[in-house]
>>> print(open('final.pdb').read())   # PDB, C-alpha atoms
MODEL        1
ATOM      1  CA  MET A  11     -16.778  23.399  -0.475
ATOM      2  CA  TYR A  12     -13.954  25.809   0.153
ATOM      3  CA  TRP A  13     -14.158  27.857  -3.097
ATOM      4  CA  GLN A  14     -16.530  30.744  -3.861
ATOM      5  CA  SER A  15     -16.462  30.371  -7.654
ATOM      6  CA  VAL A  16     -14.850  28.413 -10.487
ATOM      7  CA  ALA A  17     -12.602  31.386 -11.302
ATOM      8  CA  ASP A  18     -11.506  31.436  -7.681
ATOM      9  CA  PHE A  19     -10.673  27.735  -7.899
ATOM     10  CA  LEU A  20      -8.710  28.148 -11.129
ATOM     11  CA  ALA A  21      -6.777  31.164  -9.851
ATOM     12  CA  MET A  22      -5.568  29.279  -6.729
ATOM     13  CA  GLY A  23      -4.809  32.592  -5.030
ATOM     14  CA  GLN A  24      -2.343  33.683  -7.760
ATOM     15  CA  HIS A  25      -0.558  30.334  -7.564
ATOM     16  CA  GLY A  26      -2.628  28.900 -10.427
ATOM     17  CA  PRO A  27       0.204  28.263 -12.925
ATOM     18  CA  TYR A  28       2.280  26.447 -10.296
ATOM     19  CA  VAL A  29      -0.559  24.320  -8.961
ATOM     20  CA  TRP A  30      -2.043  23.481 -12.370
ATOM     21  CA  GLY A  31       1.392  22.959 -13.896
ATOM     22  CA  SER A  32       1.997  20.311 -11.237
ATOM     23  CA  VAL A  33      -1.416  18.698 -11.740
ATOM     24  CA  LEU A  34      -1.101  18.653 -15.536
ATOM     25  CA  VAL A  35       2.319  16.994 -15.711
ATOM     26  CA  THR A  36       1.419  14.468 -13.001
ATOM     27  CA  ALA A  37      -1.803  13.587 -14.845
ATOM     28  CA  ILE A  38      -0.077  13.227 -18.242
ATOM     29  CA  LEU A  39       2.578  10.916 -16.797
ATOM     30  CA  MET A  40       0.235   8.788 -14.686
ATOM     31  CA  ILE A  41      -2.237   8.335 -17.543
ATOM     32  CA  GLY A  42       0.501   7.900 -20.146
ATOM     33  CA  GLU A  43       2.412   5.161 -18.314
ATOM     34  CA  PRO A  44      -0.364   2.508 -18.285
ATOM     35  CA  LEU A  45      -1.244   3.387 -21.905
ATOM     36  CA  LEU A  46       2.367   2.821 -22.992
ATOM     37  CA  ILE A  47       2.490  -0.491 -21.129
ATOM     38  CA  THR A  48      -0.749  -1.637 -22.791
ATOM     39  CA  ARG A  49       0.653  -0.749 -26.201
ATOM     40  CA  ARG A  50       3.894  -2.592 -25.529
ATOM     41  CA  ARG A  51       1.951  -5.622 -24.300
ATOM     42  CA  LYS A  52      -0.135  -5.726 -27.480
ATOM     43  CA  ALA A  53       2.995  -5.414 -29.624
ATOM     44  CA  VAL A  54       4.683  -8.242 -27.703
ATOM     45  CA  LEU A  55       1.626 -10.513 -28.021
ATOM     46  CA  THR A  56       1.355  -9.871 -31.779
ATOM     47  CA  ARG A  57       5.057 -10.501 -32.322
ATOM     48  CA  LEU A  58       5.114 -13.687 -30.242
ATOM     49  CA  GLN A  59       1.998 -14.993 -31.958
ATOM     50  CA  ARG A  60       3.547 -14.387 -35.397
ATOM     51  CA  GLN A  61       6.798 -16.079 -34.338
ATOM     52  CA  PHE A  62       4.917 -18.991 -32.841
ATOM     53  CA  HIS A  63       2.834 -19.581 -35.990
ATOM     54  CA  ALA A  64       5.928 -19.279 -38.182
ATOM     55  CA  GLU A  65       7.713 -21.885 -36.056
ATOM     56  CA  GLN A  66       4.722 -24.203 -36.231
ATOM     57  CA  ALA A  67       4.513 -23.827 -40.019
ATOM     58  CA  ASP A  68       8.248 -24.559 -40.286
ATOM     59  CA  GLY A  69       7.809 -27.616 -38.122
ATOM     60  CA  ARG A  70       4.932 -28.895 -40.290
ATOM     61  CA  ARG A  71       6.897 -28.382 -43.513
ATOM     62  CA  LEU A  72       9.869 -30.249 -42.008
ATOM     63  CA  THR A  73       7.806 -33.259 -40.935
ATOM     64  CA  ARG A  74       6.030 -33.394 -44.349
ATOM     65  CA  SER A  75       9.349 -33.413 -46.255
ATOM     66  CA  ASP A  76      10.605 -36.083 -43.853
ATOM     67  CA  GLU A  77       7.573 -38.249 -44.633
ATOM     68  CA  SER A  78       7.940 -37.838 -48.396
ATOM     69  CA  SER A  79      11.654 -38.591 -48.346
ATOM     70  CA  ALA A  80      11.367 -41.557 -46.005
ATOM     71  CA  PRO A  81       9.766 -44.107 -48.438
ATOM     72  CA  ARG A  82      12.131 -43.094 -51.215
ATOM     73  CA  SER A  83      15.148 -43.931 -49.097
ATOM     74  CA  LEU A  84      13.738 -47.414 -48.643
ATOM     75  CA  HIS A  85      13.953 -48.199 -52.339
TER      76      HIS A  85
ATOM     77  CA  MET B  25       2.201 -25.310   7.708
ATOM     78  CA  SER B  26       4.027 -27.130   4.959
ATOM     79  CA  HIS B  27       1.215 -26.786   2.403
ATOM     80  CA  ARG B  28       1.203 -23.023   2.969
ATOM     81  CA  LEU B  29       4.852 -22.916   2.071
ATOM     82  CA  ILE B  30       4.181 -24.822  -1.141
ATOM     83  CA  ASN B  31       1.329 -22.480  -2.080
ATOM     84  CA  TRP B  32       3.574 -19.515  -1.540
ATOM     85  CA  PHE B  33       6.212 -20.881  -3.890
ATOM     86  CA  ARG B  34       3.588 -21.859  -6.416
ATOM     87  CA  TYR B  35       2.812 -18.189  -6.986
ATOM     88  CA  ALA B  36       6.506 -17.426  -7.257
ATOM     89  CA  SER B  37       6.537 -19.155 -10.651
ATOM     90  CA  PRO B  38       5.675 -16.904 -13.625
ATOM     91  CA  GLN B  39       3.248 -19.519 -14.950
ATOM     92  CA  SER B  40       0.887 -19.194 -11.990
ATOM     93  CA  PHE B  41       1.693 -15.588 -11.202
ATOM     94  CA  TYR B  42       0.682 -14.392 -14.680
ATOM     95  CA  PRO B  43      -3.060 -15.213 -14.524
ATOM     96  CA  LEU B  44      -3.257 -14.241 -10.835
ATOM     97  CA  ALA B  45      -1.769 -10.808 -11.579
ATOM     98  CA  GLY B  46      -4.148 -10.443 -14.504
ATOM     99  CA  LYS B  47      -7.114 -10.938 -12.177
ATOM    100  CA  MET B  48      -5.763  -8.522  -9.569
ATOM    101  CA  ILE B  49      -4.926  -5.590 -11.851
ATOM    102  CA  PRO B  50      -8.517  -4.273 -12.385
ATOM    103  CA  TRP B  51      -9.117  -4.271  -8.623
ATOM    104  CA  PHE B  52      -6.014  -2.207  -7.969
ATOM    105  CA  TRP B  53      -7.091   0.230 -10.708
ATOM    106  CA  MET B  54     -10.497   0.576  -9.128
ATOM    107  CA  LEU B  55      -9.021   1.247  -5.685
ATOM    108  CA  ALA B  56      -6.529   3.713  -7.170
ATOM    109  CA  ALA B  57      -9.370   5.645  -8.849
ATOM    110  CA  LEU B  58     -11.483   5.694  -5.674
ATOM    111  CA  PHE B  59      -8.645   6.843  -3.425
ATOM    112  CA  ALA B  60      -7.529   9.455  -5.971
ATOM    113  CA  LEU B  61     -11.061  10.814  -6.295
ATOM    114  CA  ALA B  62     -11.445  11.062  -2.514
ATOM    115  CA  GLY B  63      -7.958  12.427  -1.860
ATOM    116  CA  LEU B  64      -7.960  14.991  -4.675
ATOM    117  CA  SER B  65     -11.437  16.296  -3.878
ATOM    118  CA  ILE B  66     -10.520  16.734  -0.221
ATOM    119  CA  GLY B  67      -7.196  18.322  -1.153
ATOM    120  CA  PHE B  68      -8.369  20.599  -3.955
ATOM    121  CA  LEU B  69     -12.022  21.301  -3.109
ATOM    122  CA  PHE B  70     -12.533  21.094   0.638
ATOM    123  CA  ALA B  71      -9.255  21.579   2.522
ATOM    124  CA  PRO B  72      -8.762  25.064   3.971
ATOM    125  CA  THR B  73      -5.975  27.337   2.823
ATOM    126  CA  ASP B  74      -2.562  27.315   4.467
ATOM    127  CA  ALA B  75      -1.880  30.311   6.714
ATOM    128  CA  GLN B  76       1.712  30.755   5.519
ATOM    129  CA  GLN B  77       1.722  29.491   1.950
ATOM    130  CA  GLY B  78      -1.736  30.383   0.632
ATOM    131  CA  GLU B  79      -3.245  28.132  -2.051
ATOM    132  CA  GLY B  80       0.124  27.116  -3.485
ATOM    133  CA  TYR B  81       0.492  24.620  -0.658
ATOM    134  CA  ARG B  82      -2.036  22.356  -2.456
ATOM    135  CA  ILE B  83       0.862  20.996  -4.511
ATOM    136  CA  ILE B  84       1.557  18.985  -1.346
ATOM    137  CA  PHE B  85      -1.209  16.518  -2.330
ATOM    138  CA  LEU B  86       0.848  15.487  -5.355
ATOM    139  CA  HIS B  87       4.364  16.195  -4.152
ATOM    140  CA  VAL B  88       4.460  14.302  -0.861
ATOM    141  CA  PRO B  89       2.803  11.058  -2.096
ATOM    142  CA  ALA B  90       5.058  11.052  -5.186
ATOM    143  CA  SER B  91       8.158  11.584  -3.033
ATOM    144  CA  TRP B  92       7.167   8.808  -0.642
ATOM    145  CA  MET B  93       6.567   6.448  -3.559
ATOM    146  CA  SER B  94       9.874   7.369  -5.197
ATOM    147  CA  MET B  95      11.728   6.194  -2.084
ATOM    148  CA  PHE B  96       9.475   3.290  -1.201
ATOM    149  CA  ILE B  97       9.470   1.779  -4.705
ATOM    150  CA  TYR B  98      13.255   1.887  -4.651
ATOM    151  CA  LEU B  99      13.297  -0.102  -1.405
ATOM    152  CA  VAL B 100      10.882  -2.684  -2.840
ATOM    153  CA  MET B 101      12.936  -2.884  -6.033
ATOM    154  CA  ALA B 102      16.141  -3.418  -4.024
ATOM    155  CA  PHE B 103      14.320  -6.040  -1.927
ATOM    156  CA  TRP B 104      13.347  -8.035  -5.050
ATOM    157  CA  ALA B 105      16.857  -7.580  -6.419
ATOM    158  CA  ALA B 106      18.335  -9.005  -3.209
ATOM    159  CA  ILE B 107      15.928 -11.971  -3.281
ATOM    160  CA  GLY B 108      16.895 -12.589  -6.908
ATOM    161  CA  LEU B 109      20.592 -12.517  -6.084
ATOM    162  CA  THR B 110      20.342 -14.864  -3.098
ATOM    163  CA  LEU B 111      17.571 -17.294  -4.097
ATOM    164  CA  ASN B 112      18.012 -17.025  -7.880
ATOM    165  CA  THR B 113      14.248 -16.992  -8.491
ATOM    166  CA  ARG B 114      12.992 -15.960 -11.930
ATOM    167  CA  LEU B 115      10.145 -13.798 -10.743
ATOM    168  CA  SER B 116      12.210 -11.479  -8.512
ATOM    169  CA  GLY B 117      14.290 -10.087 -11.354
ATOM    170  CA  MET B 118      11.169  -9.441 -13.392
ATOM    171  CA  MET B 119       9.537  -7.624 -10.471
ATOM    172  CA  ALA B 120      12.609  -5.424  -9.952
ATOM    173  CA  SER B 121      12.662  -4.525 -13.669
ATOM    174  CA  ALA B 122       8.920  -3.862 -13.621
ATOM    175  CA  LEU B 123       9.212  -1.414 -10.714
ATOM    176  CA  ALA B 124      12.120   0.706 -11.959
ATOM    177  CA  PRO B 125      10.291   2.857 -14.583
ATOM    178  CA  THR B 126       7.412   3.557 -12.177
ATOM    179  CA  GLY B 127       9.896   4.570  -9.487
ATOM    180  CA  ALA B 128      11.626   6.880 -11.964
ATOM    181  CA  LEU B 129       8.253   8.366 -12.901
ATOM    182  CA  PHE B 130       7.385   9.177  -9.282
ATOM    183  CA  THR B 131      10.872  10.622  -8.723
ATOM    184  CA  PHE B 132      10.394  12.894 -11.717
ATOM    185  CA  ILE B 133       6.937  13.966 -10.495
ATOM    186  CA  SER B 134       8.450  14.691  -7.077
ATOM    187  CA  LEU B 135      11.183  16.881  -8.608
ATOM    188  CA  TRP B 136       8.805  18.610 -11.008
ATOM    189  CA  THR B 137       6.125  19.456  -8.453
ATOM    190  CA  GLY B 138       8.888  20.406  -6.014
ATOM    191  CA  ALA B 139      10.285  22.929  -8.487
ATOM    192  CA  LEU B 140       6.830  24.391  -9.120
ATOM    193  CA  TRP B 141       6.273  24.622  -5.379
ATOM    194  CA  GLY B 142       9.698  26.078  -4.677
ATOM    195  CA  LYS B 143       9.366  28.953  -7.128
ATOM    196  CA  PRO B 144       6.460  30.777  -5.411
ATOM    197  CA  MET B 145       7.534  29.838  -1.856
ATOM    198  CA  TRP B 146      11.335  30.121  -1.919
ATOM    199  CA  GLY B 147      11.724  32.273  -5.018
ATOM    200  CA  THR B 148      13.734  29.626  -6.860
ATOM    201  CA  TRP B 149      12.995  26.507  -8.929
ATOM    202  CA  TRP B 150      16.026  24.641  -7.664
ATOM    203  CA  VAL B 151      18.762  24.749  -5.051
ATOM    204  CA  TRP B 152      21.649  22.330  -4.716
ATOM    205  CA  ASP B 153      20.836  21.373  -1.155
ATOM    206  CA  ALA B 154      20.878  17.916   0.392
ATOM    207  CA  ARG B 155      17.201  16.994  -0.047
ATOM    208  CA  LEU B 156      16.888  18.079  -3.677
ATOM    209  CA  THR B 157      20.290  16.775  -4.750
ATOM    210  CA  SER B 158      19.808  13.340  -3.164
ATOM    211  CA  GLU B 159      16.367  13.047  -4.823
ATOM    212  CA  LEU B 160      17.987  13.902  -8.171
ATOM    213  CA  ILE B 161      20.579  11.185  -7.507
ATOM    214  CA  LEU B 162      17.661   8.796  -6.928
ATOM    215  CA  LEU B 163      16.374   9.616 -10.422
ATOM    216  CA  PHE B 164      19.835   8.875 -11.842
ATOM    217  CA  LEU B 165      19.932   5.572  -9.932
ATOM    218  CA  TYR B 166      16.628   4.518 -11.500
ATOM    219  CA  ILE B 167      17.772   5.593 -14.967
ATOM    220  CA  GLY B 168      21.133   3.862 -14.439
ATOM    221  CA  PHE B 169      19.359   0.649 -13.400
ATOM    222  CA  ILE B 170      17.108   0.712 -16.486
ATOM    223  CA  ALA B 171      20.002   1.547 -18.831
ATOM    224  CA  LEU B 172      22.283  -1.118 -17.352
ATOM    225  CA  GLN B 173      19.613  -3.808 -17.735
ATOM    226  CA  ALA B 174      18.854  -2.692 -21.276
ATOM    227  CA  ALA B 175      22.555  -2.889 -22.215
ATOM    228  CA  ILE B 176      22.905  -6.580 -21.267
ATOM    229  CA  ASP B 177      21.295  -9.089 -23.608
ATOM    230  CA  ASP B 178      21.078 -12.078 -21.283
ATOM    231  CA  PRO B 179      18.201 -11.288 -18.894
ATOM    232  CA  ARG B 180      19.614 -13.331 -16.005
ATOM    233  CA  ARG B 181      22.933 -11.472 -16.170
ATOM    234  CA  ALA B 182      21.083  -8.173 -16.591
ATOM    235  CA  ASP B 183      19.143  -8.988 -13.412
ATOM    236  CA  LYS B 184      22.342  -9.666 -11.477
ATOM    237  CA  ALA B 185      24.123  -6.512 -12.630
ATOM    238  CA  GLY B 186      21.014  -4.417 -11.982
ATOM    239  CA  ALA B 187      20.579  -5.987  -8.550
ATOM    240  CA  ILE B 188      24.070  -4.984  -7.469
ATOM    241  CA  LEU B 189      23.509  -1.407  -8.646
ATOM    242  CA  ALA B 190      20.119  -1.295  -6.894
ATOM    243  CA  LEU B 191      21.590  -2.603  -3.626
ATOM    244  CA  VAL B 192      24.506  -0.163  -3.626
ATOM    245  CA  GLY B 193      22.059   2.683  -4.282
ATOM    246  CA  VAL B 194      19.942   1.827  -1.229
ATOM    247  CA  VAL B 195      22.316   3.924   0.870
ATOM    248  CA  ASN B 196      20.799   7.002  -0.814
ATOM    249  CA  ILE B 197      17.311   6.395   0.640
ATOM    250  CA  PRO B 198      18.056   7.237   4.316
ATOM    251  CA  ILE B 199      20.128  10.172   3.052
ATOM    252  CA  ILE B 200      17.059  11.563   1.245
ATOM    253  CA  TYR B 201      14.751  10.873   4.160
ATOM    254  CA  PHE B 202      16.902  12.366   6.924
ATOM    255  CA  SER B 203      18.520  15.104   4.818
ATOM    256  CA  VAL B 204      16.165  17.757   6.216
ATOM    257  CA  LYS B 205      17.308  16.845   9.731
ATOM    258  CA  TRP B 206      21.015  16.372   9.065
ATOM    259  CA  TRP B 207      21.675  19.510   7.021
ATOM    260  CA  ASN B 208      20.410  23.056   6.846
ATOM    261  CA  THR B 209      18.073  23.339   3.919
ATOM    262  CA  LEU B 210      15.335  25.422   2.341
ATOM    263  CA  HIS B 211      13.160  22.321   2.281
ATOM    264  CA  GLN B 212      10.629  22.080   5.088
ATOM    265  CA  GLY B 213      10.783  19.217   7.594
ATOM    266  CA  ALA B 214       8.766  16.009   7.414
ATOM    267  CA  SER B 215       5.017  16.598   7.031
ATOM    268  CA  VAL B 216       4.134  13.407   8.840
ATOM    269  CA  SER B 217       6.280  11.758  11.470
ATOM    270  CA  LEU B 218       5.861   8.680  13.631
ATOM    271  CA  THR B 219       7.381  10.315  16.683
ATOM    272  CA  ARG B 220       5.160  13.378  17.029
ATOM    273  CA  SER B 221       1.610  14.357  16.166
ATOM    274  CA  PRO B 222       1.233  15.810  12.654
ATOM    275  CA  SER B 223       1.764  19.536  12.316
ATOM    276  CA  MET B 224      -0.986  19.958   9.719
ATOM    277  CA  ALA B 225      -4.772  20.302   9.844
ATOM    278  CA  SER B 226      -6.491  16.930   9.894
ATOM    279  CA  MET B 227      -8.337  17.537   6.609
ATOM    280  CA  MET B 228      -5.036  18.268   4.854
ATOM    281  CA  LEU B 229      -3.552  15.164   6.416
ATOM    282  CA  TRP B 230      -6.446  12.976   5.266
ATOM    283  CA  GLY B 231      -6.269  14.350   1.742
ATOM    284  CA  MET B 232      -2.577  13.603   1.600
ATOM    285  CA  LEU B 233      -2.896  10.085   3.016
ATOM    286  CA  LEU B 234      -5.693   9.223   0.567
ATOM    287  CA  CYS B 235      -3.580  10.516  -2.332
ATOM    288  CA  ALA B 236      -0.690   8.421  -1.051
ATOM    289  CA  LEU B 237      -2.942   5.330  -0.950
ATOM    290  CA  ALA B 238      -4.019   6.070  -4.528
ATOM    291  CA  CYS B 239      -0.356   6.197  -5.577
ATOM    292  CA  TRP B 240       0.242   2.847  -3.849
ATOM    293  CA  MET B 241      -2.612   1.202  -5.719
ATOM    294  CA  TYR B 242      -1.487   2.813  -8.976
ATOM    295  CA  ALA B 243       2.083   1.610  -8.488
ATOM    296  CA  ILE B 244       0.957  -1.968  -7.776
ATOM    297  CA  ALA B 245      -1.372  -2.030 -10.799
ATOM    298  CA  VAL B 246       1.218  -0.604 -13.175
ATOM    299  CA  ALA B 247       4.047  -2.798 -11.860
ATOM    300  CA  LEU B 248       1.896  -5.926 -12.269
ATOM    301  CA  MET B 249       0.994  -4.894 -15.816
ATOM    302  CA  ARG B 250       4.631  -4.352 -16.728
ATOM    303  CA  ALA B 251       5.723  -7.556 -14.979
ATOM    304  CA  ARG B 252       3.234  -9.536 -17.081
ATOM    305  CA  THR B 253       4.630  -8.107 -20.289
ATOM    306  CA  ILE B 254       8.203  -8.840 -19.185
ATOM    307  CA  MET B 255       7.117 -12.409 -18.328
ATOM    308  CA  LEU B 256       5.725 -12.955 -21.807
ATOM    309  CA  GLU B 257       8.930 -11.742 -23.418
ATOM    310  CA  ARG B 258      11.284 -13.697 -21.187
ATOM    311  CA  GLU B 259       9.295 -16.928 -21.095
ATOM    312  CA  ARG B 260       8.358 -16.940 -24.772
ATOM    313  CA  HIS B 261       9.925 -20.361 -25.355
ATOM    314  CA  THR B 262       8.074 -22.052 -22.517
ATOM    315  CA  GLU B 263       5.020 -24.230 -22.894
ATOM    316  CA  TRP B 264       2.701 -22.036 -20.831
ATOM    317  CA  VAL B 265       3.308 -19.016 -23.100
ATOM    318  CA  HIS B 266       2.729 -21.233 -26.162
ATOM    319  CA  ASN B 267      -0.555 -22.418 -24.657
ATOM    320  CA  LEU B 268      -1.486 -18.818 -24.005
ATOM    321  CA  LEU B 269      -0.758 -17.854 -27.619
ATOM    322  CA  THR B 270      -2.779 -20.720 -29.083
ATOM    323  CA  ASP B 271      -5.702 -19.927 -26.806
ATOM    324  CA  ARG B 272      -7.231 -17.577 -29.360
ATOM    325  CA  HIS B 273     -10.081 -16.374 -27.245
ATOM    326  CA  GLY B 274      -7.515 -15.339 -24.716
ATOM    327  CA  GLN B 275      -9.265 -16.283 -21.482
ATOM    328  CA  ALA B 276      -6.010 -16.256 -19.579
ATOM    329  CA  ARG B 277      -4.572 -13.241 -21.323
TER     330      ARG B 277
ENDMDL
END
>>> encode(input="final.pdb", output="structure tokens")
Amino acid sequence: MYWQSVADFLAMGQHGPYVWGSVLVTAILMIGEPLLITRRRKAVLTRLQRQFHAEQADGRRLTRSDESSAPRSLH
Amino acid sequence: MSHRLINWFRYASPQSFYPLAGKMIPWFWMLAALFALAGLSIGFLFAPTDAQQGEGYRIIFLHVPASWMSMFIYLVMAFWAAIGLTLNTRLSGMMASALAPTGALFTFISLWTGALWGKPMWGTWWVWDARLTSELILLFLYIGFIALQAAIDDPRRADKAGAILALVGVVNIPIIYFSVKWWNTLHQGASVSLTRSPSMASMMLWGMLLCALACWMYAIAVALMRARTIMLERERHTEWVHNLLTDRHGQAR
């Protein structure tokens, strides 16, 4: 280990703000990016699932009304 | 030989790429975490101080890998864009779109850490010299690519327009890389070069290479994640996405 103490490590030889400012922003961005992608993915899945079920329900209603109207047209 | 070719193309279809990518992502995350842990502990805990720059030099362990990635991701993005333009494959456009935000992120990190490194060493956050300006142009190229694609509704046309922008912008990459040789600049020369032995202590070099590997693994994991989401959106009318949505327990998701 290169450092004598935790304070020594945090001070970074008077370059602390520059070093830790770099680390902090890099960490926020590289943790934030995958979190944002996961959120977008969940939103997309929910939306597609809702659309898909709505389309299926529409399809079912259409075929049912077709069936009910079909015999009547025979008369 | 021929069956290898078929296998290769099989994974070029979103339908088979999607579950494969899903299986690979956790492994890339694990490797990224391991390399980052090793690289950062060497860089921040064990590496000796720099004779000229003191402890501030430790920004190198973030700055150099991010800068490498910013250029390399652009080349990969332009490669996929070119494949998409010539072969008209669906997956290539999605890969190019998936890489752009990550490339922009690394470019921003490179500029940000560069500014925080420049202030204590050069006495200024920013100078309009060749290296810094061309890296800023790279950020604008990424942003331009993302904005252009977002402005066009039809994804196939968006891919084509983006691809042309990406390919024109490739000329900027050698300019960034060789700028410290071609022009006088405040920026120091290359830290690692293929033509001569590295000018830095081996522990510093190892820390930096491990951090760079971590960034590689991170970039692959994140790009695959984003590509999967783009696939879902673009292929939402296909049967395989419908099957995926009805599979409630989500094995393949």
>>> closest_residue(input="final.pdb", among="A:Leu58, A:Met40, A:Pro27, A:Leu34", to="Ala238 in chain B", atoms="only C-alpha atoms")
A:Met40
>>> residues_around(input="final.pdb", residues="Phe164 in chain B", least_positions_apart="5", cutoff="9 Å", atoms="all atoms listed in the file", output="mmCIF file with C-alpha atoms, in the coordinates of the input")
data_model
loop_
_atom_site.group_PDB
_atom_site.id
_atom_site.type_symbol
_atom_site.label_atom_id
_atom_site.label_comp_id
_atom_site.auth_asym_id
_atom_site.auth_seq_id
_atom_site.Cartn_x
_atom_site.Cartn_y
_atom_site.Cartn_z
ATOM 1 C CA ALA B 128 11.626 6.880 -11.964
ATOM 2 C CA GLU B 159 16.367 13.047 -4.823
ATOM 3 C CA PHE B 169 19.359 0.649 -13.400
#
>>> residues_around(input="final.pdb", residues="Asn196 in chain B", least_positions_apart="4", cutoff="9 Å", atoms="all atoms listed in the file", output="PyMOL selection string")
chain B and resi 158-159+161-162+192+200-201
>>> resolve_selection(input="final.pdb", expression="the PyMOL selection byres ((chain B and resi 259) around 12)", output="PyMOL selection string")
(chain A and resi 54+58) or (chain B and resi 37-39+42+114-115+118+179+251-258+260-268)
>>> atom_distance(input="final.pdb", atom1="CA of His25 in chain A", atom2="CA of Ser94 in chain B")
25.3 Å
>>> atom_distance(input="final.pdb", atom1="CA of Ile176 in chain B", atom2="CA of Thr56 in chain A")
24.2 Å
>>> resolve_selection(input="final.pdb", expression="the ChimeraX specification (/A :<6) & /B", output="list in words")
Leu69, Phe70, Glu79, Gly80, Ile83, Thr137, Leu140, Thr253 and Leu269 of chain B
>>> write_last_selection(input="final.pdb", atoms="C-alpha atoms", output="short mmCIF file (atom, residue, chain, number, x, y, z; two decimals), in the coordinates of the input")
data_model
loop_
_atom_site.label_atom_id
_atom_site.label_comp_id
_atom_site.auth_asym_id
_atom_site.auth_seq_id
_atom_site.Cartn_x
_atom_site.Cartn_y
_atom_site.Cartn_z
CA LEU B 69 -12.02 21.30 -3.11
CA PHE B 70 -12.53 21.09 0.64
CA GLU B 79 -3.24 28.13 -2.05
CA GLY B 80 0.12 27.12 -3.48
CA ILE B 83 0.86 21.00 -4.51
CA THR B 137 6.12 19.46 -8.45
CA LEU B 140 6.83 24.39 -9.12
CA THR B 253 4.63 -8.11 -20.29
CA LEU B 269 -0.76 -17.85 -27.62
#
>>> resolve_selection(input="final.pdb", expression="the PyMOL selection byres ((chain B and resi 153) around 9)", output="PDB file with C-alpha atoms, in the frame of the given file")
ATOM      1  CA  TRP B 150      16.026  24.641  -7.664  1.00  0.00           C
ATOM      2  CA  VAL B 151      18.762  24.749  -5.051  1.00  0.00           C
ATOM      3  CA  TRP B 152      21.649  22.330  -4.716  1.00  0.00           C
ATOM      4  CA  ALA B 154      20.878  17.916   0.392  1.00  0.00           C
ATOM      5  CA  ARG B 155      17.201  16.994  -0.047  1.00  0.00           C
ATOM      6  CA  LEU B 156      16.888  18.079  -3.677  1.00  0.00           C
ATOM      7  CA  THR B 157      20.290  16.775  -4.750  1.00  0.00           C
ATOM      8  CA  SER B 158      19.808  13.340  -3.164  1.00  0.00           C
ATOM      9  CA  SER B 203      18.520  15.104   4.818  1.00  0.00           C
ATOM     10  CA  TRP B 207      21.675  19.510   7.021  1.00  0.00           C
ATOM     11  CA  ASN B 208      20.410  23.056   6.846  1.00  0.00           C
ATOM     12  CA  THR B 209      18.073  23.339   3.919  1.00  0.00           C
ATOM     13  CA  LEU B 210      15.335  25.422   2.341  1.00  0.00           C
ATOM     14  CA  HIS B 211      13.160  22.321   2.281  1.00  0.00           C
TER      15      HIS B 211
END
>>> axis_aligned_box(input="final.pdb", around="range 73-77 of chain B", padding_each_side="3 Å", output="lines of an AutoDock Vina configuration file")
center_x = -2.1
center_y = 29.0
center_z = 4.3
size_x = 13.7
size_y = 9.4
size_z = 10.8
>>> closest_residue(input="final.pdb", among="A:Arg71, A:Arg49, A:Gln66, A:Ala17", to="Met249 in chain B", atoms="only C-alpha atoms")
A:Arg49
>>> atom_distance(input="final.pdb", atom1="CA of Ile199 in chain B", atom2="CA of Ala120 in chain B")
21.7 Å
>>> decode(input="final.pdb", residues="range 173-182 of chain B", atoms="N, CA and C atoms", output="CSV table (one decimal), in the first residue's frame")
chain,number,residue,atom,x,y,z
B,173,GLN,N,-30.4,10.6,-36.1
B,173,GLN,CA,-31.2,9.4,-36.1
B,173,GLN,C,-32.5,9.6,-35.4
B,174,ALA,N,-32.5,10.5,-34.3
B,174,ALA,CA,-33.8,10.7,-33.6
B,174,ALA,C,-34.7,11.6,-34.4
B,175,ALA,N,-34.2,12.3,-35.4
B,175,ALA,CA,-35.0,13.3,-36.2
B,175,ALA,C,-35.7,12.6,-37.3
B,176,ILE,N,-35.3,11.3,-37.6
B,176,ILE,CA,-35.9,10.6,-38.8
B,176,ILE,C,-36.8,9.4,-38.3
B,177,ASP,N,-38.0,9.4,-38.7
B,177,ASP,CA,-38.9,8.5,-38.1
B,177,ASP,C,-38.7,7.0,-38.6
B,178,ASP,N,-38.4,6.9,-39.9
B,178,ASP,CA,-38.2,5.6,-40.4
B,178,ASP,C,-36.8,5.1,-40.0
B,179,PRO,N,-36.8,4.0,-39.2
B,179,PRO,CA,-35.5,3.6,-38.7
B,179,PRO,C,-34.4,3.2,-39.8
B,180,ARG,N,-34.9,2.6,-40.9
B,180,ARG,CA,-34.0,2.2,-41.9
B,180,ARG,C,-33.3,3.4,-42.6
B,181,ARG,N,-34.1,4.5,-42.8
B,181,ARG,CA,-33.6,5.7,-43.3
B,181,ARG,C,-32.7,6.4,-42.3
B,182,ALA,N,-33.1,6.4,-41.0
B,182,ALA,CA,-32.3,7.0,-40.0
B,182,ALA,C,-30.9,6.3,-39.9
